[in-house]
Amino acid sequence: MKRVFKYPSIVESEGMMYSDVKGFLAEAGLNPKLVFNIILSVSEAFTNALEHGNKFMANKQIKVAIDINDRIVIADITDEGEGYSNESAADRLRNPTDEGGRGIGLMKAFADDINYLIDDRTGGTRVSMRFSRENYQKIKGVAGNLEDKMEVKKREEGQIAVLQLSGRLDLGNGNKLKEEVKGILNSGKVCIHLNLKGVEFVNSSGLGALVSIMKETRIHRGRLTLSDMADYVREIFDITQLSHIFEIFATEQEALHSYHPMTVA
């Protein structure tokens, strides 16, 4: 079975693509872990096409083609830009605290094969990834429901602003979260805790948003902590080495007590 989706090069297309691809993969009855890995990889290629390929030009399209058979899943993402390679400056991570440069590394980590081609029709880049279904036969489903949006619930615990996140943390939602935290910091509250228990999807753009939030918090002489990550989300932090950069706790309560017992109401 095969499905082809086309989108204008605007930030809003990210959510539409996510919903379309997730629905098609669910319809195919694939292993939940495989579904997560495919969506993550497609999301990274799509963001590159949006930002570096088509440069957010709404009149240029991004095509996403998913082809599924009994053995493999093939995902092709094609832009209409001037072409970029897997060695582009935008995707070479020089420092773990850089806000960008993790996308291609994640694609290489989760896809079994990846190729970069110049598309004959558009002249842009076509990223073609293959995923072997056989590799997931013995892996139990671990991914969540992969919600289509992100919600933020705020509360205060003494001097700590606690944000409980749920859903998808990507380019668009990451930018919204940065603005949310910036408002909190500007109000004078500089201790920020993010509970990620409900976060079921995060890509390199979402990671970049968290790095930006960490830097902004430090500028305000504050502190940022994270907790309650699902195993497959923690895996992404480990692959990108961000688990060494952030203060990550198993539970929210452990994180709150790490500030100082007296700061918790």
# chains A, B, ... in the order shown; residues from 1 in each chain; ligands from 1

call {"tool": "closest_atom_pairs", "arguments": {"of": "range 159-242 of chain A", "to": "range 37-57 of chain A", "cutoff": "12 Å", "atoms": "only C-alpha atoms", "output": "Markdown table"}}
result
| residue | atom | partner | partner_atom | distance |
| --- | --- | --- | --- | --- |
| A:Arg168 | CA | A:Leu40 | CA | 10.9 |
| A:Leu169 | CA | A:Leu40 | CA | 11.1 |
| A:Asp170 | CA | A:Ser43 | CA | 8.6 |
| A:Leu171 | CA | A:Thr47 | CA | 7.8 |
| A:Gly172 | CA | A:Thr47 | CA | 10.5 |
| A:Glu200 | CA | A:Leu40 | CA | 11.0 |
| A:Phe201 | CA | A:Leu40 | CA | 7.8 |
| A:Val202 | CA | A:Leu40 | CA | 7.7 |
| A:Asn203 | CA | A:Leu40 | CA | 6.2 |
| A:Ser204 | CA | A:Glu44 | CA | 7.0 |
| A:Ser205 | CA | A:Thr47 | CA | 8.1 |
| A:Gly206 | CA | A:Glu44 | CA | 10.7 |
| A:Leu207 | CA | A:Glu44 | CA | 11.7 |
| A:Tyr232 | CA | A:Asn37 | CA | 9.5 |
| A:Val233 | CA | A:Leu40 | CA | 10.9 |
| A:Glu235 | CA | A:Asn37 | CA | 11.3 |
| A:Ile236 | CA | A:Leu40 | CA | 10.0 |

call {"tool": "write_last_selection", "arguments": {"atoms": "N, CA and C atoms", "output": "CSV table (one decimal), in the first residue's frame"}}
result
chain,number,residue,atom,x,y,z
A,168,ARG,N,2.8,16.5,21.3
A,168,ARG,CA,3.9,16.5,20.4
A,168,ARG,C,4.8,17.8,20.6
A,169,LEU,N,6.1,17.6,20.7
A,169,LEU,CA,7.0,18.7,20.9
A,169,LEU,C,7.9,18.7,19.6
A,170,ASP,N,7.6,19.6,18.7
A,170,ASP,CA,8.3,19.8,17.4
A,170,ASP,C,8.5,21.2,17.1
A,171,LEU,N,8.7,21.6,15.9
A,171,LEU,CA,9.1,23.0,15.5
A,171,LEU,C,8.0,24.0,16.0
A,172,GLY,N,6.8,23.8,15.5
A,172,GLY,CA,5.7,24.8,15.9
A,172,GLY,C,5.5,24.8,17.4
A,200,GLU,N,4.6,12.5,24.0
A,200,GLU,CA,4.7,11.2,23.3
A,200,GLU,C,5.5,11.3,22.0
A,201,PHE,N,6.0,12.5,21.6
A,201,PHE,CA,6.8,12.7,20.4
A,201,PHE,C,7.6,13.9,20.6
A,202,VAL,N,8.9,13.8,20.3
A,202,VAL,CA,9.8,14.9,20.3
A,202,VAL,C,10.8,14.7,19.2
A,203,ASN,N,11.0,15.7,18.4
A,203,ASN,CA,12.1,15.6,17.3
A,203,ASN,C,13.2,16.6,17.6
A,204,SER,N,14.1,16.8,16.6
A,204,SER,CA,15.2,17.7,16.9
A,204,SER,C,14.8,19.1,17.1
A,205,SER,N,13.8,19.5,16.4
A,205,SER,CA,13.3,20.9,16.6
A,205,SER,C,12.8,21.1,18.0
A,206,GLY,N,12.1,20.1,18.6
A,206,GLY,CA,11.6,20.1,20.0
A,206,GLY,C,12.8,20.2,20.9
A,207,LEU,N,13.8,19.4,20.6
A,207,LEU,CA,15.1,19.4,21.4
A,207,LEU,C,15.7,20.7,21.4
A,232,TYR,N,11.1,5.9,25.2
A,232,TYR,CA,11.5,6.2,23.8
A,232,TYR,C,11.8,7.6,23.7
A,233,VAL,N,11.4,8.5,24.6
A,233,VAL,CA,11.8,9.9,24.5
A,233,VAL,C,13.2,10.0,25.1
A,235,GLU,N,15.4,7.8,25.0
A,235,GLU,CA,16.4,7.3,24.1
A,235,GLU,C,16.8,8.4,23.1
A,236,ILE,N,16.0,9.3,22.7
A,236,ILE,CA,16.3,10.4,21.8
A,236,ILE,C,17.3,11.3,22.5

call {"tool": "residues_around", "arguments": {"residues": "Ile68 in chain A", "least_positions_apart": "4", "cutoff": "8 Å", "atoms": "only C-alpha atoms", "output": "PyMOL selection string"}}
result
chain A and resi 1-2+28+72-74

call {"tool": "select_by_dssp", "arguments": {"residues": "range 35-244 of chain A", "states": "alpha helix (DSSP H)", "output": "MDAnalysis selection string"}}
result
chainID A and resid 35:48 103:110 171:186 204:219 231:239

call {"tool": "select_by_dssp", "arguments": {"residues": "range 47-257 of chain A", "states": "strand (DSSP E or B)", "output": "ChimeraX atom specification"}}
result
/A:61-68,72-78,113-118,125-132,150-157,160-169,191-202,223-227,247-249

call {"tool": "atom_distance", "arguments": {"atom1": "CA of Arg3 in chain A", "atom2": "CA of Asp67 in chain A"}}
result
6.6 Å

call {"tool": "atom_distance", "arguments": {"atom1": "CA of Thr251 in chain A", "atom2": "CA of Ile239 in chain A"}}
result
21.2 Å

call {"tool": "closest_residue", "arguments": {"among": "A:Gln137, A:Asn186, A:Thr78, A:Thr240", "to": "Asn115 in chain A", "atoms": "only C-alpha atoms"}}
result
A:Thr78
